[in-house]
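Below: protein02.cif (mmCIF, C-alpha atoms and all ligand atoms)
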```
data_coords
loop_
_atom_site.label_atom_id
_atom_site.label_comp_id
_atom_site.auth_asym_id
_atom_site.auth_seq_id
_atom_site.Cartn_x
_atom_site.Cartn_y
_atom_site.Cartn_z
CA MET A 1 0.00 0.00 0.00
CA GLU A 2 1.30 3.41 -0.92
CA VAL A 3 1.43 5.84 1.98
CA ALA A 4 0.52 9.41 1.03
CA ALA A 5 3.42 11.84 1.48
CA LYS A 6 3.12 14.22 4.42
CA PRO A 7 1.75 17.70 3.78
CA ILE A 8 4.38 20.44 3.96
CA LEU A 9 1.95 23.27 3.43
CA GLU A 10 -1.74 23.40 4.27
CA LEU A 11 -4.13 26.29 3.80
CA GLU A 12 -7.48 25.61 5.42
CA GLY A 13 -10.55 27.82 5.06
CA ILE A 14 -8.53 30.94 4.26
CA ASN A 15 -10.40 34.25 3.99
CA THR A 16 -8.15 37.23 3.32
CA PHE A 17 -9.25 40.85 3.10
CA TYR A 18 -7.61 44.08 1.96
CA GLY A 19 -9.58 46.59 4.03
CA GLN A 20 -13.23 45.81 3.35
CA ILE A 21 -12.51 43.92 0.14
CA HIS A 22 -12.82 40.17 0.41
CA ILE A 23 -10.00 38.72 -1.72
CA LEU A 24 -9.45 35.03 -0.84
CA LYS A 25 -12.65 33.10 -0.20
CA ASP A 26 -12.52 29.79 1.67
CA VAL A 27 -9.25 28.74 0.06
CA ASN A 28 -8.06 25.19 0.81
CA LEU A 29 -4.78 24.03 -0.64
CA ILE A 30 -2.18 21.35 0.16
CA VAL A 31 1.38 20.75 -1.01
CA ARG A 32 2.92 17.43 0.02
CA GLU A 33 6.55 16.43 0.33
CA GLY A 34 8.22 16.22 -3.07
CA GLU A 35 5.20 17.56 -4.95
CA LEU A 36 5.12 20.20 -7.65
CA VAL A 37 1.82 22.04 -7.38
CA CYS A 38 0.76 24.92 -9.58
CA LEU A 39 -1.72 27.62 -8.69
CA LEU A 40 -3.34 29.02 -11.82
CA GLY A 41 -5.57 32.03 -12.25
CA GLY A 42 -6.10 35.13 -14.36
CA ASN A 43 -5.03 38.66 -13.44
CA ALA A 44 -6.22 39.83 -10.03
CA SER A 45 -7.60 36.39 -9.13
CA GLY A 46 -5.62 36.35 -5.85
CA LYS A 47 -2.55 34.28 -6.72
CA SER A 48 0.04 36.64 -5.21
CA THR A 49 -2.23 37.21 -2.22
CA THR A 50 -2.20 33.45 -1.64
CA LEU A 51 1.61 33.42 -1.60
CA LYS A 52 1.63 36.44 0.72
CA THR A 53 -0.77 34.61 3.01
CA VAL A 54 1.57 31.59 3.07
CA LEU A 55 4.51 33.84 3.90
CA GLY A 56 2.63 35.87 6.51
CA ILE A 57 3.00 39.13 4.61
CA VAL A 58 -0.78 39.40 4.78
CA ARG A 59 -2.86 37.79 7.55
CA PRO A 60 -6.08 35.94 6.82
CA ARG A 61 -9.16 37.07 8.74
CA THR A 62 -10.11 33.43 9.23
CA GLY A 63 -8.49 30.12 8.43
CA ARG A 64 -5.28 28.31 9.19
CA VAL A 65 -1.83 28.11 7.61
CA SER A 66 0.32 25.09 8.57
CA ILE A 67 3.90 24.24 7.69
CA GLY A 68 4.95 20.64 8.29
CA GLY A 69 1.83 20.08 10.38
CA GLU A 70 2.54 23.05 12.65
CA ASP A 71 0.02 25.89 12.84
CA VAL A 72 1.95 29.04 11.80
CA THR A 73 -1.04 31.33 11.26
CA ARG A 74 0.13 33.64 14.01
CA LEU A 75 3.85 33.50 13.21
CA ALA A 76 5.78 36.34 11.57
CA THR A 77 7.32 35.87 8.13
CA ALA A 78 10.85 35.35 9.48
CA HIS A 79 9.72 32.49 11.68
CA ARG A 80 7.92 30.85 8.76
CA ILE A 81 11.08 31.12 6.64
CA GLU A 82 13.00 29.40 9.46
CA ARG A 83 10.54 26.52 9.18
CA GLY A 84 11.64 25.83 5.64
CA LEU A 85 10.05 28.22 3.16
CA ALA A 86 11.97 29.99 0.42
CA ILE A 87 10.74 32.23 -2.35
CA VAL A 88 12.03 32.99 -5.82
CA PRO A 89 10.70 36.51 -6.27
CA GLU A 90 9.24 37.95 -9.46
CA ASN A 91 11.95 39.29 -11.78
CA ARG A 92 14.57 37.30 -9.82
CA ARG A 93 16.01 40.34 -7.94
CA LEU A 94 19.65 39.34 -8.18
CA PHE A 95 22.45 41.61 -7.07
CA GLY A 96 23.95 42.43 -10.46
CA PRO A 97 27.27 43.90 -9.32
CA MET A 98 27.97 40.86 -7.12
CA THR A 99 29.34 37.51 -8.26
CA VAL A 100 27.41 34.27 -8.57
CA VAL A 101 29.09 32.96 -5.38
CA GLU A 102 28.15 36.10 -3.43
CA ASN A 103 24.55 35.94 -4.63
CA LEU A 104 24.29 32.28 -3.64
CA GLU A 105 25.83 32.95 -0.24
CA LEU A 106 23.06 35.46 0.53
CA GLY A 107 20.54 32.64 0.32
CA ALA A 108 22.30 30.72 3.08
CA TYR A 109 22.27 33.39 5.77
CA LEU A 110 20.22 31.17 8.08
CA ARG A 111 22.44 28.11 7.59
CA PRO A 112 25.31 27.38 9.98
CA LYS A 113 28.61 28.43 8.40
CA ALA A 114 29.79 24.81 8.65
CA ASP A 115 27.03 23.73 6.23
CA LEU A 116 27.92 26.25 3.53
CA LYS A 117 30.24 23.98 1.62
CA ALA A 118 27.63 21.24 1.37
CA GLU A 119 24.98 23.73 0.24
CA PHE A 120 27.27 25.06 -2.50
CA GLU A 121 27.99 21.51 -3.63
CA ARG A 122 24.29 20.69 -3.79
CA VAL A 123 23.52 23.76 -5.88
CA TYR A 124 26.54 23.28 -8.17
CA SER A 125 25.71 19.63 -8.79
CA LEU A 126 22.20 20.68 -9.82
CA PHE A 127 23.50 23.59 -11.93
CA PRO A 128 27.06 22.81 -13.13
CA LYS A 129 26.85 25.98 -15.24
CA LEU A 130 26.86 28.06 -12.06
CA TYR A 131 30.12 26.48 -10.95
CA GLU A 132 31.73 27.47 -14.26
CA ARG A 133 30.36 31.00 -13.83
CA ARG A 134 30.93 31.32 -10.08
CA SER A 135 33.24 34.38 -10.32
CA GLN A 136 31.18 36.19 -12.95
CA LEU A 137 29.03 39.19 -12.00
CA ALA A 138 25.39 38.13 -11.86
CA GLY A 139 24.29 41.12 -13.96
CA THR A 140 26.32 39.86 -16.93
CA LEU A 141 24.78 36.36 -17.01
CA SER A 142 22.25 35.26 -19.61
CA GLY A 143 18.57 35.19 -18.64
CA GLY A 144 18.58 31.41 -18.18
CA GLU A 145 21.73 31.55 -16.05
CA GLN A 146 20.22 34.31 -13.92
CA GLN A 147 17.19 32.12 -13.32
CA MET A 148 19.54 29.36 -12.14
CA VAL A 149 21.17 31.80 -9.69
CA ALA A 150 17.76 32.86 -8.37
CA MET A 151 16.72 29.23 -7.88
CA GLY A 152 20.15 28.31 -6.51
CA ARG A 153 20.05 31.17 -4.02
CA ALA A 154 16.66 29.99 -2.75
CA LEU A 155 17.96 26.42 -2.51
CA MET A 156 20.98 27.50 -0.42
CA SER A 157 18.62 27.72 2.57
CA LYS A 158 17.73 24.04 2.05
CA PRO A 159 13.99 24.77 1.92
CA ARG A 160 11.26 22.17 2.37
CA LEU A 161 9.05 24.21 0.08
CA LEU A 162 9.99 26.64 -2.64
CA LEU A 163 7.44 29.30 -3.65
CA MET A 164 7.55 30.95 -7.07
CA ASP A 165 5.44 33.82 -8.37
CA GLU A 166 4.96 33.74 -12.15
CA PRO A 167 8.34 32.47 -13.33
CA SER A 168 7.26 32.78 -16.98
CA MET A 169 6.23 36.44 -16.66
CA GLY A 170 7.62 38.63 -19.44
CA LEU A 171 9.82 35.91 -20.95
CA ALA A 172 10.04 34.80 -24.57
CA PRO A 173 8.55 31.30 -25.12
CA VAL A 174 11.94 29.62 -25.49
CA LEU A 175 13.07 31.06 -22.12
CA VAL A 176 9.81 29.98 -20.51
CA GLU A 177 10.52 26.39 -21.60
CA GLN A 178 14.07 26.67 -20.26
CA ASN A 179 12.84 28.04 -16.95
CA PHE A 180 10.34 25.27 -16.45
CA GLU A 181 13.00 22.71 -17.27
CA ILE A 182 15.05 24.21 -14.40
CA ILE A 183 12.01 24.08 -12.11
CA ARG A 184 11.43 20.43 -13.05
CA GLN A 185 15.06 19.59 -12.22
CA VAL A 186 14.78 21.24 -8.81
CA ASN A 187 11.63 19.25 -8.08
CA GLU A 188 13.31 16.04 -9.21
CA ALA A 189 16.05 16.75 -6.69
CA GLY A 190 13.33 16.33 -4.05
CA VAL A 191 12.23 19.90 -3.32
CA ALA A 192 8.49 20.56 -3.09
CA LEU A 193 7.29 23.57 -5.08
CA LEU A 194 4.24 25.78 -5.21
CA VAL A 195 4.37 27.66 -8.51
CA VAL A 196 1.97 30.48 -9.29
CA GLU A 197 1.34 30.86 -13.01
CA GLN A 198 -0.95 32.22 -15.70
CA ASN A 199 0.64 29.97 -18.30
CA ALA A 200 -1.47 26.84 -17.74
CA ASN A 201 0.01 24.63 -20.44
CA VAL A 202 3.64 24.90 -19.53
CA SER A 203 3.13 24.73 -15.77
CA LEU A 204 0.66 21.83 -15.87
CA SER A 205 2.99 19.93 -18.17
CA ILE A 206 5.54 19.60 -15.33
CA ALA A 207 3.23 19.72 -12.27
CA ASP A 208 1.76 16.85 -10.24
CA ARG A 209 -1.39 18.74 -9.32
CA GLY A 210 -2.98 22.09 -9.90
CA TYR A 211 -5.51 24.52 -8.46
CA VAL A 212 -7.38 27.22 -10.36
CA LEU A 213 -8.32 30.49 -8.66
CA SER A 214 -11.08 32.70 -9.99
CA THR A 215 -11.88 35.94 -8.12
CA GLY A 216 -10.38 34.51 -4.95
CA ARG A 217 -12.07 31.11 -5.01
CA ILE A 218 -10.63 27.71 -5.92
CA VAL A 219 -12.93 26.70 -8.77
CA LEU A 220 -11.06 23.67 -10.04
CA GLU A 221 -8.39 21.33 -8.69
CA GLY A 222 -6.93 17.97 -9.51
CA PRO A 223 -4.07 16.04 -11.08
CA ALA A 224 -2.22 18.15 -13.66
CA ALA A 225 -2.93 15.62 -16.41
CA GLU A 226 -6.67 15.96 -15.79
CA LEU A 227 -6.58 19.75 -15.74
CA LEU A 228 -4.66 19.73 -19.02
CA GLN A 229 -7.57 17.81 -20.58
CA HIS A 230 -10.06 20.34 -19.26
CA ASP A 231 -11.44 21.93 -22.42
CA ASP A 232 -12.49 25.32 -21.19
CA LEU A 233 -9.93 25.79 -18.40
CA ARG A 234 -8.31 28.71 -20.16
CA LYS A 235 -11.44 30.15 -21.69
CA ALA A 236 -13.47 29.94 -18.49
CA TYR A 237 -10.94 30.85 -15.81
CA LEU A 238 -7.77 32.29 -17.22
CA GLY A 239 -9.31 34.95 -19.43
CA ARG A 240 -7.79 33.81 -22.71
N1 LIG A 301 -2.16 45.80 -0.82
C1 LIG A 301 -3.35 45.76 -1.44
N2 LIG A 301 -4.35 46.59 -1.08
C2 LIG A 301 -5.57 46.54 -1.67
N3 LIG A 301 -5.88 45.66 -2.64
C3 LIG A 301 -4.93 44.82 -3.05
C4 LIG A 301 -3.62 44.81 -2.47
N4 LIG A 301 -2.89 43.86 -3.08
C5 LIG A 301 -3.70 43.29 -4.00
N5 LIG A 301 -4.92 43.86 -3.97
C6 LIG A 301 -6.08 43.47 -4.83
O1 LIG A 301 -6.38 42.10 -4.58
C7 LIG A 301 -6.76 41.44 -5.79
C8 LIG A 301 -5.87 40.21 -5.98
O2 LIG A 301 -4.53 40.64 -6.19
P1 LIG A 301 -3.33 39.63 -6.42
O3 LIG A 301 -2.09 40.43 -6.54
O4 LIG A 301 -3.38 38.58 -5.39
O5 LIG A 301 -3.74 38.97 -7.83
P2 LIG A 301 -2.88 38.05 -8.81
O6 LIG A 301 -3.74 36.88 -9.11
O7 LIG A 301 -1.53 37.81 -8.27
O8 LIG A 301 -2.82 38.96 -10.11
P3 LIG A 301 -1.65 39.11 -11.23
O9 LIG A 301 -1.80 37.92 -12.12
O10 LIG A 301 -2.04 40.36 -11.95
O11 LIG A 301 -0.34 39.16 -10.54
C9 LIG A 301 -6.63 42.47 -6.89
O12 LIG A 301 -7.90 42.96 -7.18
C10 LIG A 301 -5.73 43.56 -6.28
O13 LIG A 301 -6.05 44.83 -6.80
MG MG A 302 0.42 38.31 -8.91
#
```
Whole structure, structure tokens version:
Amino acid sequence: MEVAAKPILELEGINTFYGQIHILKDVNLIVREGELVCLLGGNASGKSTTLKTVLGIVRPRTGRVSIGGEDVTRLATAHRIERGLAIVPENRRLFGPMTVVENLELGAYLRPKADLKAEFERVYSLFPKLYERRSQLAGTLSGGEQQMVAMGRALMSKPRLLLMDEPSMGLAPVLVEQNFEIIRQVNEAGVALLVVEQNANVSLSIADRGYVLSTGRIVLEGPAAELLQHDDLRKAYLGR
């Protein structure tokens, strides 16, 4: 009998408001160990607000956020990060005038110094290109290489769950493919991911499961393969 992997992240009955405006409505979402889950939705559907709720940047009015089975709803962002979250921000936000090594090191600020060598080795074995480029200034790397640095920096903290907000945003199709190949590799190395996307096809093609948000409500969820077959997924919920 196959035992279901343990949940790393659980959102239960989340209702989030900005002032009087009800944004997230009864959102339930789970990411289990080793899973790649995508959260789809059109503009202003509440995707980034969901990530902010996970990170504790915004607080839900009702509902519970758990990391590794522990209720963190009342914990500050820093304490949630300590429990194993990492985020690859939109537009990567690398430090251009610093080298690849220096950028990676920033991701490990919570790790004991003694672990640094092992973290570098892990990241370099996943992205050998970064080892070749370790002394190069991040700002002079190609787009794909910069994405590797952004992922590598997040991985330096040895996260249990990596959060990504729209990794395909503003990229040419060939770079989108490249990016998702990098995301797939990271997941294959055992890291669970929650990836927010508007690009349903490319994200569902590498995901295990997906959720679809529409004006703050989860309107569809299931195995990625099933969602890919869903005829009017894009028409009905993603606005294109
Ligand atoms: N700080 C804020 N104060 C007030 N309203 C906000 C705030 N942040 C977001 N909103 C509103 O909440 C709704 C959801 O925003 P959110 O950023 O979560 O959407 P999204 O799905 O990430 O959209 P996009 O695809 O455009 O990034 C939007 O209507 C937005 O205007
Ligand atoms: Mg957003």
### Task
Just give me the gap between atom CA of Phe127 of chain A and atom CA of Leu9 of chain A in Å, one decimal is fine.
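Between these atoms lies a distance of 26.5 Å.
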### Message
Tell me which residues come within 9 Å of (9.6, 28.1, -14.0), as a count of residues only, counting all atoms listed in the file in the file's coordinates.
### Response
18
Chain A near ligand MG 302 (chain A) within 7 Å: what's each residue's closest atom pair and its distance in Å to one decimal, counting all atoms listed in the file, ordered by chain then ascending residue number, as a tab-separated table?
```
residue	atom	partner	partner_atom	distance
A:Ala44	CA	A:MG302	MG	6.9
A:Lys47	CA	A:MG302	MG	5.5
A:Ser48	CA	A:MG302	MG	4.1
A:Asp165	CA	A:MG302	MG	6.8
```
### Query
Can I get the residues close to ligand LIG 301 (chain A) as JSON, numbers by chain, where close means within 7 Å and we count all atoms listed in the file?
{"A": [18, 19, 23, 41, 42, 43, 44, 45, 46, 47, 48, 49, 50, 198]}
### atom CA of Leu51 of chain A to atom CA of Val27 of chain A, straight-line distance in Å
11.9 Å
Contact table segment 120-195 of chain A vs segment 72-94 of chain A, cut-off 6 Å, shortest pair per residue, only C-alpha atoms, as CSV:
```
residue,atom,partner,partner_atom,distance
A:Ala150,CA,A:Arg92,CA,5.7
A:Ala154,CA,A:Ala86,CA,5.7
A:Pro159,CA,A:Gly84,CA,4.5
A:Arg160,CA,A:Gly84,CA,4.9
A:Leu161,CA,A:Leu85,CA,5.2
A:Leu162,CA,A:Ala86,CA,5.0
A:Leu163,CA,A:Ile87,CA,4.6
A:Met164,CA,A:Val88,CA,5.1
A:Asp165,CA,A:Glu90,CA,5.7
```
Suppose we keep C-alpha atoms; can you now write the selection as a PDB file, in the coordinates of the input?
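part_17.pdb was written with the following content:
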```pdb
ATOM      1  CA  ALA A 150      17.760  32.860  -8.370  1.00  0.00           C
ATOM      2  CA  ALA A 154      16.660  29.990  -2.750  1.00  0.00           C
ATOM      3  CA  PRO A 159      13.990  24.770   1.920  1.00  0.00           C
ATOM      4  CA  ARG A 160      11.260  22.170   2.370  1.00  0.00           C
ATOM      5  CA  LEU A 161       9.050  24.210   0.080  1.00  0.00           C
ATOM      6  CA  LEU A 162       9.990  26.640  -2.640  1.00  0.00           C
ATOM      7  CA  LEU A 163       7.440  29.300  -3.650  1.00  0.00           C
ATOM      8  CA  MET A 164       7.550  30.950  -7.070  1.00  0.00           C
ATOM      9  CA  ASP A 165       5.440  33.820  -8.370  1.00  0.00           C
TER      10      ASP A 165
END
```
### Message
Just the number, please: distance in Å from atom CA of Leu227 of chain A to atom CA of Val212 of chain A, one decimal.
### Response
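Between these atoms lies a distance of 9.2 Å.
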Residues near Val65 of chain A, cut-off 10 Å, only C-alpha atoms, skip fewer than 2 positions along chain, as a short mmCIF file (atom, residue, chain, number, x, y, z; two decimals) with C-alpha atoms, in the frame of the given file:
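What ended up in out06.cif:
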```cif
data_model
loop_
_atom_site.label_atom_id
_atom_site.label_comp_id
_atom_site.auth_asym_id
_atom_site.auth_seq_id
_atom_site.Cartn_x
_atom_site.Cartn_y
_atom_site.Cartn_z
CA LEU A 9 1.95 23.27 3.43
CA GLU A 10 -1.74 23.40 4.27
CA LEU A 11 -4.13 26.29 3.80
CA GLU A 12 -7.48 25.61 5.42
CA GLY A 13 -10.55 27.82 5.06
CA ILE A 14 -8.53 30.94 4.26
CA ASN A 28 -8.06 25.19 0.81
CA LEU A 29 -4.78 24.03 -0.64
CA THR A 53 -0.77 34.61 3.01
CA VAL A 54 1.57 31.59 3.07
CA LEU A 55 4.51 33.84 3.90
CA GLY A 56 2.63 35.87 6.51
CA ARG A 59 -2.86 37.79 7.55
CA PRO A 60 -6.08 35.94 6.82
CA THR A 62 -10.11 33.43 9.23
CA GLY A 63 -8.49 30.12 8.43
CA ILE A 67 3.90 24.24 7.69
CA GLY A 69 1.83 20.08 10.38
CA GLU A 70 2.54 23.05 12.65
CA ASP A 71 0.02 25.89 12.84
CA VAL A 72 1.95 29.04 11.80
CA THR A 73 -1.04 31.33 11.26
CA ARG A 74 0.13 33.64 14.01
CA LEU A 75 3.85 33.50 13.21
#
```
Coords for segment 9-29 of chain A, N, CA and C atoms, as a PDB file, in the first residue's frame:
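Here's the written file part_6.pdb:
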```pdb
ATOM      1  N   LEU A   9       2.719  22.039   3.300  1.00  0.00           N
ATOM      2  CA  LEU A   9       1.949  23.273   3.425  1.00  0.00           C
ATOM      3  C   LEU A   9       0.464  22.947   3.384  1.00  0.00           C
ATOM      4  N   GLU A  10      -0.291  23.531   4.304  1.00  0.00           N
ATOM      5  CA  GLU A  10      -1.742  23.400   4.268  1.00  0.00           C
ATOM      6  C   GLU A  10      -2.382  24.765   4.496  1.00  0.00           C
ATOM      7  N   LEU A  11      -3.267  25.132   3.595  1.00  0.00           N
ATOM      8  CA  LEU A  11      -4.133  26.294   3.799  1.00  0.00           C
ATOM      9  C   LEU A  11      -5.525  25.740   4.019  1.00  0.00           C
ATOM     10  N   GLU A  12      -6.151  26.135   5.113  1.00  0.00           N
ATOM     11  CA  GLU A  12      -7.485  25.610   5.421  1.00  0.00           C
ATOM     12  C   GLU A  12      -8.451  26.757   5.689  1.00  0.00           C
ATOM     13  N   GLY A  13      -9.483  26.832   4.863  1.00  0.00           N
ATOM     14  CA  GLY A  13     -10.551  27.816   5.064  1.00  0.00           C
ATOM     15  C   GLY A  13     -10.054  29.245   5.138  1.00  0.00           C
ATOM     16  N   ILE A  14      -9.142  29.606   4.223  1.00  0.00           N
ATOM     17  CA  ILE A  14      -8.528  30.940   4.264  1.00  0.00           C
ATOM     18  C   ILE A  14      -9.452  32.009   3.676  1.00  0.00           C
ATOM     19  N   ASN A  15      -9.703  33.048   4.463  1.00  0.00           N
ATOM     20  CA  ASN A  15     -10.399  34.248   3.987  1.00  0.00           C
ATOM     21  C   ASN A  15      -9.500  35.439   4.260  1.00  0.00           C
ATOM     22  N   THR A  16      -9.073  36.095   3.182  1.00  0.00           N
ATOM     23  CA  THR A  16      -8.150  37.227   3.316  1.00  0.00           C
ATOM     24  C   THR A  16      -8.815  38.490   2.760  1.00  0.00           C
ATOM     25  N   PHE A  17      -8.660  39.566   3.485  1.00  0.00           N
ATOM     26  CA  PHE A  17      -9.249  40.852   3.095  1.00  0.00           C
ATOM     27  C   PHE A  17      -8.152  41.898   2.927  1.00  0.00           C
ATOM     28  N   TYR A  18      -8.370  42.837   1.976  1.00  0.00           N
ATOM     29  CA  TYR A  18      -7.614  44.083   1.964  1.00  0.00           C
ATOM     30  C   TYR A  18      -8.632  45.149   2.349  1.00  0.00           C
ATOM     31  N   GLY A  19      -8.543  45.677   3.550  1.00  0.00           N
ATOM     32  CA  GLY A  19      -9.577  46.589   4.028  1.00  0.00           C
ATOM     33  C   GLY A  19     -10.909  45.859   4.062  1.00  0.00           C
ATOM     34  N   GLN A  20     -11.898  46.428   3.381  1.00  0.00           N
ATOM     35  CA  GLN A  20     -13.229  45.805   3.348  1.00  0.00           C
ATOM     36  C   GLN A  20     -13.360  44.792   2.211  1.00  0.00           C
ATOM     37  N   ILE A  21     -12.344  44.739   1.348  1.00  0.00           N
ATOM     38  CA  ILE A  21     -12.507  43.924   0.135  1.00  0.00           C
ATOM     39  C   ILE A  21     -12.087  42.483   0.388  1.00  0.00           C
ATOM     40  N   HIS A  22     -13.040  41.592   0.177  1.00  0.00           N
ATOM     41  CA  HIS A  22     -12.825  40.169   0.409  1.00  0.00           C
ATOM     42  C   HIS A  22     -12.069  39.587  -0.781  1.00  0.00           C
ATOM     43  N   ILE A  23     -10.818  39.191  -0.591  1.00  0.00           N
ATOM     44  CA  ILE A  23     -10.004  38.722  -1.720  1.00  0.00           C
ATOM     45  C   ILE A  23     -10.000  37.189  -1.798  1.00  0.00           C
ATOM     46  N   LEU A  24      -9.459  36.502  -0.794  1.00  0.00           N
ATOM     47  CA  LEU A  24      -9.448  35.028  -0.835  1.00  0.00           C
ATOM     48  C   LEU A  24     -10.674  34.507  -0.094  1.00  0.00           C
ATOM     49  N   LYS A  25     -11.375  33.583  -0.739  1.00  0.00           N
ATOM     50  CA  LYS A  25     -12.652  33.095  -0.200  1.00  0.00           C
ATOM     51  C   LYS A  25     -12.584  31.594   0.024  1.00  0.00           C
ATOM     52  N   ASP A  26     -12.523  31.211   1.284  1.00  0.00           N
ATOM     53  CA  ASP A  26     -12.520  29.790   1.668  1.00  0.00           C
ATOM     54  C   ASP A  26     -11.508  28.962   0.888  1.00  0.00           C
ATOM     55  N   VAL A  27     -10.277  29.450   0.831  1.00  0.00           N
ATOM     56  CA  VAL A  27      -9.254  28.740   0.056  1.00  0.00           C
ATOM     57  C   VAL A  27      -8.673  27.577   0.866  1.00  0.00           C
ATOM     58  N   ASN A  28      -8.696  26.393   0.259  1.00  0.00           N
ATOM     59  CA  ASN A  28      -8.064  25.193   0.814  1.00  0.00           C
ATOM     60  C   ASN A  28      -7.041  24.703  -0.195  1.00  0.00           C
ATOM     61  N   LEU A  29      -5.837  24.451   0.286  1.00  0.00           N
ATOM     62  CA  LEU A  29      -4.779  24.031  -0.640  1.00  0.00           C
ATOM     63  C   LEU A  29      -3.724  23.241   0.133  1.00  0.00           C
TER      64      LEU A  29
END
```
